[in-house]
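Visitor: Below is structure-v2.cif; it holds mmCIF, C-alpha atoms.
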```cif
data_query
loop_
_atom_site.label_atom_id
_atom_site.label_comp_id
_atom_site.auth_asym_id
_atom_site.auth_seq_id
_atom_site.Cartn_x
_atom_site.Cartn_y
_atom_site.Cartn_z
CA MET K 30 7.38 -11.33 2.21
CA HIS K 31 8.40 -7.77 1.37
CA GLU K 32 10.72 -7.84 4.38
CA VAL K 33 13.56 -8.73 1.98
CA SER K 34 12.89 -5.51 0.02
CA ILE K 35 12.75 -3.58 3.29
CA ALA K 36 16.03 -5.20 4.44
CA SER K 37 17.61 -4.19 1.15
CA GLU K 38 16.51 -0.54 1.67
CA ILE K 39 17.97 -0.60 5.20
CA ILE K 40 21.31 -1.91 3.92
CA GLU K 41 21.40 0.78 1.22
CA ILE K 42 20.75 3.52 3.80
CA VAL K 43 23.52 2.13 6.06
CA ARG K 44 26.00 2.02 3.13
CA GLN K 45 25.21 5.62 2.19
CA ASN K 46 26.07 6.69 5.73
CA LEU K 47 29.38 4.85 6.17
CA PRO K 48 32.46 7.12 6.33
CA ASP K 49 34.48 7.51 3.11
CA GLY K 50 37.03 4.72 2.74
CA PHE K 51 35.44 2.62 5.49
CA ASP K 52 37.03 -0.84 5.39
CA ASN K 53 35.88 -2.43 8.65
CA LYS K 54 32.69 -4.06 9.90
CA VAL K 55 29.38 -2.65 11.04
CA LYS K 56 28.60 -3.79 14.58
CA SER K 57 24.91 -2.96 14.80
CA VAL K 58 22.03 -1.23 13.06
CA LYS K 59 19.29 0.31 15.19
CA LEU K 60 15.75 0.63 13.83
CA ASP K 61 12.50 2.16 15.01
CA LEU K 62 9.72 -0.15 13.92
CA GLY K 63 6.07 0.65 14.59
CA GLU K 64 3.65 -2.05 15.63
CA PHE K 65 1.17 -0.85 12.99
CA THR K 66 3.29 -1.79 9.96
CA ASN K 67 3.12 -5.02 8.03
CA ILE K 68 6.64 -6.02 9.03
CA VAL K 69 7.36 -9.35 10.69
CA PRO K 70 10.55 -8.72 12.73
CA GLU K 71 11.81 -12.32 12.37
CA ALA K 72 11.39 -12.18 8.57
CA LEU K 73 13.17 -8.82 8.44
CA LYS K 74 16.07 -10.22 10.48
CA PHE K 75 16.29 -13.24 8.21
CA GLY K 76 16.29 -11.07 5.07
CA PHE K 77 18.94 -8.80 6.59
CA GLU K 78 21.20 -11.73 7.46
CA VAL K 79 20.91 -13.31 4.01
CA LEU K 80 21.54 -10.06 2.14
CA THR K 81 24.52 -8.99 4.25
CA GLU K 82 26.45 -12.25 4.01
CA GLY K 83 30.07 -11.61 2.98
CA THR K 84 29.70 -7.80 3.14
CA GLU K 85 30.80 -5.14 5.63
CA LEU K 86 27.45 -5.70 7.38
CA ASP K 87 27.96 -9.44 7.80
CA GLY K 88 27.25 -10.32 11.44
CA ALA K 89 25.87 -6.87 12.28
CA GLN K 90 23.15 -6.98 14.90
CA LEU K 91 19.79 -5.65 13.81
CA ILE K 92 18.33 -3.94 16.88
CA MET K 93 14.61 -3.33 16.49
CA ASN K 94 12.94 -0.87 18.81
CA ILE K 95 9.28 -1.85 18.48
CA LEU K 96 7.00 1.16 19.05
CA PRO K 97 3.42 0.59 20.21
CA LEU K 98 0.33 1.88 18.44
CA LYS K 99 -0.60 5.07 20.28
CA ILE K 100 -3.38 7.57 19.57
CA GLU K 101 -4.09 11.10 20.72
CA CYS K 102 -7.63 12.47 20.93
CA GLN K 103 -8.21 15.66 18.91
CA ILE K 104 -10.92 16.75 21.37
CA CYS K 105 -9.66 15.97 24.89
CA GLU K 106 -5.98 15.35 24.00
CA ASN K 107 -5.97 12.06 25.90
CA VAL K 108 -3.16 9.73 24.80
CA SER K 109 -3.74 5.98 24.89
CA LEU K 110 -2.39 2.70 23.60
CA THR K 111 -4.71 0.92 21.22
CA GLU K 112 -5.04 -1.85 18.65
CA PRO K 113 -5.95 -1.64 14.96
CA GLY K 114 -9.74 -1.44 14.67
CA TYR K 115 -10.06 0.52 17.91
CA PHE K 116 -9.38 4.04 16.75
CA PHE K 117 -11.44 5.93 19.28
CA CYS K 118 -10.65 7.84 22.46
CA VAL K 119 -11.01 5.68 25.56
CA LYS K 120 -11.80 8.78 27.61
CA CYS K 121 -14.42 10.70 25.59
CA GLY K 122 -15.38 8.11 22.96
CA THR K 123 -14.79 10.17 19.82
CA ASP K 124 -13.19 8.65 16.72
CA LYS K 125 -11.41 11.95 16.02
CA VAL K 126 -7.97 10.66 16.94
CA ASN K 127 -4.50 10.94 15.46
CA ILE K 128 -1.97 8.12 15.42
CA ILE K 129 1.12 9.47 17.17
CA SER K 130 3.18 6.28 17.25
CA GLY K 131 3.16 2.84 15.67
CA LYS K 132 3.77 3.58 11.97
CA GLU K 133 7.53 4.18 12.18
CA MET K 134 10.03 2.42 9.93
CA LYS K 135 13.29 4.26 10.39
CA VAL K 136 17.04 3.62 10.54
CA VAL K 137 18.02 5.48 13.73
CA GLU K 138 21.76 4.87 14.08
CA ILE K 139 24.57 2.45 13.40
CA GLU K 140 27.60 1.42 15.38
CA ILE K 141 30.81 0.66 13.46
CA TYR K 142 34.22 -0.76 14.33
CA ASP K 143 36.86 1.93 13.73
CA MET L 1 33.83 1.95 17.91
CA SER L 2 31.78 4.90 16.72
CA LEU L 3 28.10 5.69 16.62
CA ILE L 4 26.66 7.28 13.50
CA THR L 5 23.24 8.90 13.80
CA ILE L 6 21.13 8.41 10.67
CA GLU L 7 17.40 9.04 11.44
CA LYS L 8 16.23 8.16 7.94
CA LYS L 9 12.93 6.59 6.92
CA VAL L 10 13.46 3.16 5.40
CA LEU L 11 11.17 3.83 2.45
CA GLU L 12 12.42 7.38 1.81
CA ALA L 13 13.90 6.43 -1.60
CA ASN L 14 10.61 4.90 -2.72
CA ASN L 15 8.62 7.80 -1.30
CA SER L 16 10.65 10.41 -3.15
CA ILE L 17 10.07 8.61 -6.49
CA ALA L 18 6.38 8.36 -5.55
CA ASP L 19 6.34 12.14 -5.03
CA GLU L 20 7.91 12.62 -8.47
CA ASN L 21 5.21 10.36 -9.98
CA ARG L 22 2.53 12.33 -8.15
CA SER L 23 3.82 15.68 -9.46
CA LYS L 24 4.08 14.34 -13.00
CA PHE L 25 0.52 12.95 -12.88
CA LYS L 26 -0.77 16.25 -11.51
CA GLU L 27 1.04 18.27 -14.17
CA LYS L 28 -0.52 16.04 -16.86
CA GLY L 29 -4.01 16.26 -15.32
CA ILE L 30 -4.06 12.58 -14.40
CA PHE L 31 -6.00 11.21 -11.44
CA SER L 32 -4.63 7.85 -10.33
CA ILE L 33 -5.83 5.00 -8.15
CA ASN L 34 -3.92 2.04 -6.75
CA LEU L 35 -6.12 -1.08 -6.51
CA ILE L 36 -4.98 -3.44 -3.75
CA SER L 37 -6.50 -6.81 -2.86
CA SER L 38 -5.84 -10.49 -2.26
CA PRO L 39 -5.36 -12.62 -5.38
CA GLY L 40 -8.71 -13.55 -6.92
CA SER L 41 -10.90 -10.83 -5.41
CA GLY L 42 -11.83 -9.60 -8.90
CA LYS L 43 -9.53 -6.59 -9.42
CA THR L 44 -9.15 -7.16 -13.14
CA SER L 45 -12.90 -7.69 -13.57
CA LEU L 46 -13.47 -4.47 -11.63
CA VAL L 47 -11.02 -2.67 -13.94
CA GLU L 48 -12.89 -4.04 -16.98
CA GLN L 49 -16.29 -2.95 -15.67
CA THR L 50 -14.91 0.44 -14.64
CA ILE L 51 -13.62 0.95 -18.19
CA ILE L 52 -16.98 -0.10 -19.67
CA HIS L 53 -18.83 2.38 -17.44
CA LEU L 54 -16.45 5.32 -17.82
CA LYS L 55 -14.69 5.10 -21.17
CA ASP L 56 -17.19 7.34 -22.97
CA LYS L 57 -16.81 9.98 -20.27
CA MET L 58 -13.05 10.05 -19.77
CA LYS L 59 -9.72 8.82 -21.09
CA ILE L 60 -8.49 5.84 -19.10
CA ALA L 61 -5.15 3.99 -19.01
CA VAL L 62 -4.12 0.97 -16.95
CA ILE L 63 -0.86 -0.23 -15.41
CA THR L 64 -1.27 -3.76 -14.18
CA GLY L 65 1.15 -5.75 -12.04
CA ASP L 66 1.53 -9.49 -11.77
CA ILE L 67 4.20 -11.90 -10.65
CA GLN L 68 4.05 -13.63 -14.03
CA THR L 69 2.24 -13.44 -17.41
CA ASN L 70 0.67 -10.77 -19.62
CA LEU L 71 -2.80 -12.22 -19.12
CA ASP L 72 -4.28 -9.18 -17.39
CA ALA L 73 -2.91 -6.74 -19.97
CA GLU L 74 -4.34 -8.93 -22.76
CA ARG L 75 -7.77 -8.82 -21.10
CA ILE L 76 -7.67 -5.04 -20.71
CA ASP L 77 -6.23 -4.44 -24.17
CA LYS L 78 -9.51 -5.70 -25.67
CA PHE L 79 -11.22 -2.56 -24.36
CA GLY L 80 -9.00 -0.33 -26.48
CA VAL L 81 -7.35 1.61 -23.64
CA PRO L 82 -3.58 2.06 -23.21
CA VAL L 83 -2.27 -0.68 -20.92
CA VAL L 84 1.17 -1.60 -19.58
CA GLN L 85 1.91 -4.93 -17.90
CA ILE L 86 4.51 -4.99 -15.12
CA ILE L 87 5.87 -8.47 -14.44
CA THR L 88 7.56 -8.49 -11.06
CA ASN L 89 9.16 -11.95 -11.41
CA GLY L 90 8.29 -12.96 -7.89
CA GLY L 91 8.13 -9.48 -6.35
CA CYS L 92 5.10 -9.32 -4.04
CA HIS L 93 4.24 -5.64 -4.59
CA LEU L 94 4.63 -2.73 -7.00
CA ASP L 95 6.95 0.09 -6.00
CA ALA L 96 7.18 3.67 -7.21
CA SER L 97 10.08 3.07 -9.60
CA LEU L 98 8.26 0.20 -11.36
CA VAL L 99 5.31 2.53 -11.88
CA ARG L 100 7.58 5.36 -13.08
CA ASN L 101 9.10 3.06 -15.71
CA ALA L 102 5.74 1.66 -16.78
CA TYR L 103 4.25 5.15 -17.12
CA LYS L 104 7.05 6.14 -19.54
CA GLU L 105 5.50 3.73 -22.04
CA ILE L 106 2.21 5.64 -22.07
CA GLU L 107 3.35 9.18 -21.22
CA ASN L 108 2.38 10.51 -24.64
CA GLU L 109 -1.19 9.28 -24.29
CA ASP L 110 -3.96 11.63 -23.24
CA ILE L 111 -5.00 10.20 -19.84
CA GLU L 112 -7.46 11.45 -17.24
CA LEU L 113 -7.78 8.35 -15.08
CA LEU L 114 -4.82 6.04 -14.49
CA ILE L 115 -5.77 2.75 -12.84
CA ILE L 116 -2.82 0.93 -11.26
CA GLU L 117 -3.71 -2.67 -10.49
CA ASN L 118 -1.27 -3.91 -7.86
CA VAL L 119 0.01 -7.47 -7.46
CA GLY L 120 -2.62 -9.57 -5.65
CA ASN L 121 -1.48 -9.32 -2.03
CA LEU L 122 -3.17 -7.69 0.94
CA VAL L 123 -0.03 -7.20 3.02
CA CYS L 124 3.05 -5.91 1.20
CA PRO L 125 1.56 -3.33 -1.24
CA SER L 126 0.07 -1.36 1.66
CA GLU L 127 3.51 -0.05 2.68
CA TYR L 128 4.46 1.32 -0.74
CA ASP L 129 3.37 4.71 -2.00
CA LEU L 130 3.27 4.67 -5.81
CA GLY L 131 2.34 8.32 -6.26
CA GLU L 132 -1.37 7.57 -6.57
CA ASN L 133 -4.15 9.91 -5.44
CA HIS L 134 -6.08 7.14 -3.69
CA LYS L 135 -5.44 3.61 -2.56
CA ILE L 136 -8.56 1.51 -3.10
CA CYS L 137 -8.90 -1.77 -1.24
CA VAL L 138 -10.92 -4.51 -2.98
CA MET L 139 -12.20 -7.62 -1.25
CA SER L 140 -14.60 -10.33 -2.36
CA VAL L 141 -17.36 -11.64 -0.12
CA THR L 142 -15.86 -15.15 -0.24
CA GLU L 143 -12.92 -13.88 1.81
CA GLY L 144 -15.01 -13.55 4.97
CA ASP L 145 -16.42 -10.55 6.81
CA ASP L 146 -13.65 -10.48 9.43
CA LYS L 147 -10.85 -9.78 6.93
CA PRO L 148 -10.72 -6.00 7.56
CA LEU L 149 -9.76 -6.69 11.18
CA LYS L 150 -7.13 -9.23 10.16
CA TYR L 151 -5.46 -6.94 7.58
CA PRO L 152 -6.05 -3.50 9.11
CA LEU L 153 -3.17 -1.56 7.58
CA ILE L 154 -4.49 -1.55 4.02
CA PHE L 155 -7.94 -0.43 5.20
CA HIS L 156 -6.33 2.30 7.24
CA HIS L 157 -4.43 3.60 4.20
CA SER L 158 -7.32 3.34 1.73
CA GLU L 159 -9.74 6.04 0.66
CA ALA L 160 -12.37 3.56 -0.49
CA PHE L 161 -13.23 -0.10 -0.05
CA VAL L 162 -14.95 -2.09 -2.79
CA ILE L 163 -16.72 -5.25 -1.61
CA ASN L 164 -16.87 -7.36 -4.76
CA LYS L 165 -18.75 -10.50 -5.93
CA ILE L 166 -21.88 -9.60 -3.95
CA ASP L 167 -23.93 -11.82 -6.30
CA LEU L 168 -22.46 -14.74 -4.29
CA ILE L 169 -23.92 -13.54 -0.97
CA PRO L 170 -26.91 -15.97 -1.07
CA TYR L 171 -24.49 -18.90 -1.03
CA LEU L 172 -22.29 -17.66 1.82
CA LYS L 173 -22.39 -16.97 5.53
CA CYS L 174 -20.62 -13.65 4.94
CA SER L 175 -22.53 -10.58 6.18
CA LEU L 176 -22.10 -7.44 4.09
CA ASP L 177 -22.99 -5.25 7.09
CA GLU L 178 -20.41 -6.99 9.26
CA MET L 179 -17.72 -6.62 6.60
CA ARG L 180 -18.55 -2.93 6.18
CA ASN L 181 -18.64 -2.31 9.95
CA ASN L 182 -15.29 -4.03 10.48
CA ALA L 183 -13.69 -1.95 7.73
CA VAL L 184 -15.09 1.31 9.13
CA LYS L 185 -13.84 0.37 12.61
CA VAL L 186 -10.30 0.42 11.19
CA ASN L 187 -10.90 3.57 9.14
CA PRO L 188 -14.01 5.65 9.96
CA LYS L 189 -13.47 7.83 6.87
CA LEU L 190 -13.54 4.87 4.46
CA LYS L 191 -16.04 5.14 1.59
CA VAL L 192 -17.55 1.67 1.06
CA PHE L 193 -19.04 0.27 -2.17
CA SER L 194 -20.64 -3.12 -2.87
CA THR L 195 -20.30 -4.43 -6.41
CA SER L 196 -20.76 -7.41 -8.63
CA CYS L 197 -18.85 -7.50 -11.89
CA TYR L 198 -21.16 -10.36 -12.94
CA SER L 199 -24.57 -8.69 -12.46
CA CYS L 200 -23.10 -5.13 -12.53
CA GLU L 201 -24.97 -4.31 -9.30
CA GLY L 202 -23.36 -1.34 -7.53
CA MET L 203 -21.18 -0.49 -10.51
CA ASP L 204 -22.98 2.82 -11.19
CA GLU L 205 -22.40 4.06 -7.65
CA TRP L 206 -18.70 3.09 -7.68
CA THR L 207 -17.97 4.59 -11.10
CA LYS L 208 -19.93 7.78 -10.37
CA TRP L 209 -17.89 8.33 -7.22
CA LEU L 210 -14.66 7.64 -9.10
CA PHE L 211 -15.67 10.02 -11.89
CA HIS L 212 -16.35 12.79 -9.34
CA GLN L 213 -13.03 12.16 -7.59
CA CYS L 214 -11.25 12.65 -10.92
CA ARG L 215 -13.09 15.90 -11.63
CA MET L 216 -12.68 17.38 -8.13
#
```
Take the structure in the file and write it out as structure tokens.

Guide:
Amino acid sequence: MHEVSIASEIIEIVRQNLPDGFDNKVKSVKLDLGEFTNIVPEALKFGFEVLTEGTELDGAQLIMNILPLKIECQICENVSLTEPGYFFCVKCGTDKVNIISGKEMKVVEIEIYD
Amino acid sequence: MSLITIEKKVLEANNSIADENRSKFKEKGIFSINLISSPGSGKTSLVEQTIIHLKDKMKIAVITGDIQTNLDAERIDKFGVPVVQIITNGGCHLDASLVRNAYKEIENEDIELLIIENVGNLVCPSEYDLGENHKICVMSVTEGDDKPLKYPLIFHHSEAFVINKIDLIPYLKCSLDEMRNNAVKVNPKLKVFSTSCYSCEGMDEWTKWLFHQCRM
């Protein structure tokens, strides 16, 4: 249940990026969240809602852009979607692959009321 | 309404403290490992046996994390190595700042190998860099040979995988080969060891590898 710690980091990042003297509400917070992280989106949303109660982020919508687990073959450069435990190229069979998407955990942008 | 672009990694604050820890350890000639497992897989027993096997060859210190109690630190203290207990009070993982603070308590000690024993949890600790050289995943045979597929992220992030309590194999349906194969499916580069802290089987191989990693 480290989603509460993650929610707390997200809130801190949002606060650091609010304009000086900001005294209104945050409308939404947009995240990139990879499929290959140990984050349960519902738990993150719950943690975010609890921690933002009564603050400038109260009621802000947490928009999670879930990114699939994607690998690229180092040999034939084929890109494919995969699942954990299947880290090999579907085209040439090698396990020399790089993960190019799926591990993201990033605050992308926020929308605020002026 | 206005849009503000941020593009910042959520764990950037933790990661920058982890980088500071890593530089400090390097500067002091310390090699560090982060032991991650479910509760009850035998991490503390593995730490004890590792100390027994290596303490005449190198200077070891331990930072151990638990939700409550000093019990692990008391066990390790008996071996005469510097040990710091982190009590997380409900926190399900160690983070880089907890390790930074704990290390301050032993920073004047001469240390070559720092063993960080994480809170027993196979999910949350895998996201947090502590500044260690290697994450080591530990799992006991009673947990079932399909676990690596169920908890892939920690296997993906680990350098080595220690399968513990192998003395119990005769009483279980668990297949060591299956467990090893499942782990290597998730991470083909994973170095796999099989150990028993009860019979000490496999302990030489594990500690020799660890010793060489420290001296590389």

Visitor: Which of these residues is nearest to Glu106 of chain K, using all atoms listed in the file: K:Val126, K:Ile40, K:Val58, K:Ile141?

Guide: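 Using all atoms listed in the file, Glu106 of chain K sits closest to K:Val126.
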
Visitor: Using the file's own x, y and z axes, so that the box edges lie along x, y and z, what centre and edge lengths in Å (one decimal) does a box around every listed atom of segment 118-123 of chain K get when 6 Å is added on each side? Give it as JSON.

Guide:
```
{"center_x": -13.0, "center_y": 8.2, "center_z": 23.7, "size_x": 16.7, "size_y": 17.0, "size_z": 19.8}
```

Visitor: Quick one: which residues end up in the PyMOL selection byres ((chain L and resi 118-126) around 6) for this structure, as a PyMOL selection string?

Guide: (chain K and resi 31) or (chain L and resi 35-39+65-66+93+117+127-128+154)

Visitor: Restricting the calculation to only C-alpha atoms: of K:Phe51, K:Tyr142, K:Phe117, K:Phe77, which residue gets closest to chain L?

Guide: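 Distance minimum relative to chain L lands on K:Tyr142.
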
Visitor: Residues of chain K within 8 Å of chain L, using all atoms listed in the file, as a list in words?

Guide: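 Residues of chain K within 8 Å of chain L, counting all atoms listed in the file: Met30, His31, Ile35, Glu38, Ile39, Ile42, Asn46, Phe65, Thr66, Asn67, Pro113, Gly114, Tyr115, Phe116, Asp124, Glu133, Met134, Lys135, Val136, Val137, Glu138, Ile139, Glu140, Ile141, Tyr142 and Asp143 of chain K.
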
Visitor: Quick one: distance from atom CA of Lys135 of chain L to atom CA of His157 of chain L in Å, one decimal?

Guide: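 Atom CA of His157 of chain L lies 6.8 Å from atom CA of Lys135 of chain L.
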
Visitor: Using only C-alpha atoms, which of L:Ile67, L:Met203, L:Ile111, L:Val138 sits nearest Gly90 of chain L?

Guide: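 The answer is L:Ile67, which sits nearest to Gly90 of chain L.
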
Visitor: For a test of reading the model, state the distance in Å between atom CA of Cys121 of chain K and atom CA of Lys99 of chain K, rounded to one decimal.

Guide: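 Straight-line distance from atom CA of Cys121 of chain K to atom CA of Lys99 of chain K works out to 15.8 Å.
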
Visitor: Between atom CA of Lys165 of chain L and atom CA of Glu112 of chain K, what distance in Å does the model show, to one decimal?

Guide: 29.4 Å

Visitor: Can you tell me, as a tab-separated table (two decimals) with C-alpha atoms, in the frame of the given file, what residues are no more than 12 Å from Cys102 of chain K when counting all atoms listed in the file, ignoring any on the same chain fewer than 4 positions away?

Guide:
```
chain	number	residue	atom	x	y	z
K	106	GLU	CA	-5.98	15.35	24.00
K	107	ASN	CA	-5.97	12.06	25.90
K	108	VAL	CA	-3.16	9.73	24.80
K	109	SER	CA	-3.74	5.98	24.89
K	110	LEU	CA	-2.39	2.70	23.60
K	111	THR	CA	-4.71	0.92	21.22
K	116	PHE	CA	-9.38	4.04	16.75
K	117	PHE	CA	-11.44	5.93	19.28
K	118	CYS	CA	-10.65	7.84	22.46
K	119	VAL	CA	-11.01	5.68	25.56
K	120	LYS	CA	-11.80	8.78	27.61
K	121	CYS	CA	-14.42	10.70	25.59
K	122	GLY	CA	-15.38	8.11	22.96
K	123	THR	CA	-14.79	10.17	19.82
K	124	ASP	CA	-13.19	8.65	16.72
K	125	LYS	CA	-11.41	11.95	16.02
K	126	VAL	CA	-7.97	10.66	16.94
K	127	ASN	CA	-4.50	10.94	15.46
K	128	ILE	CA	-1.97	8.12	15.42
K	129	ILE	CA	1.12	9.47	17.17
```

Visitor: Written as a PyMOL selection string, which residues does the PyMOL selection byres ((chain K and resi 131) around 6) give for the file shown?

Guide: chain K and resi 63-65+96-98+130+132-133

Visitor: Could you check which of L:Asp95, L:Glu74, L:Asp167, L:Asp177 is closest to Tyr198 of chain L, using all atoms listed in the file?

Guide: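 Closest to Tyr198 of chain L of all the choices is L:Asp167.
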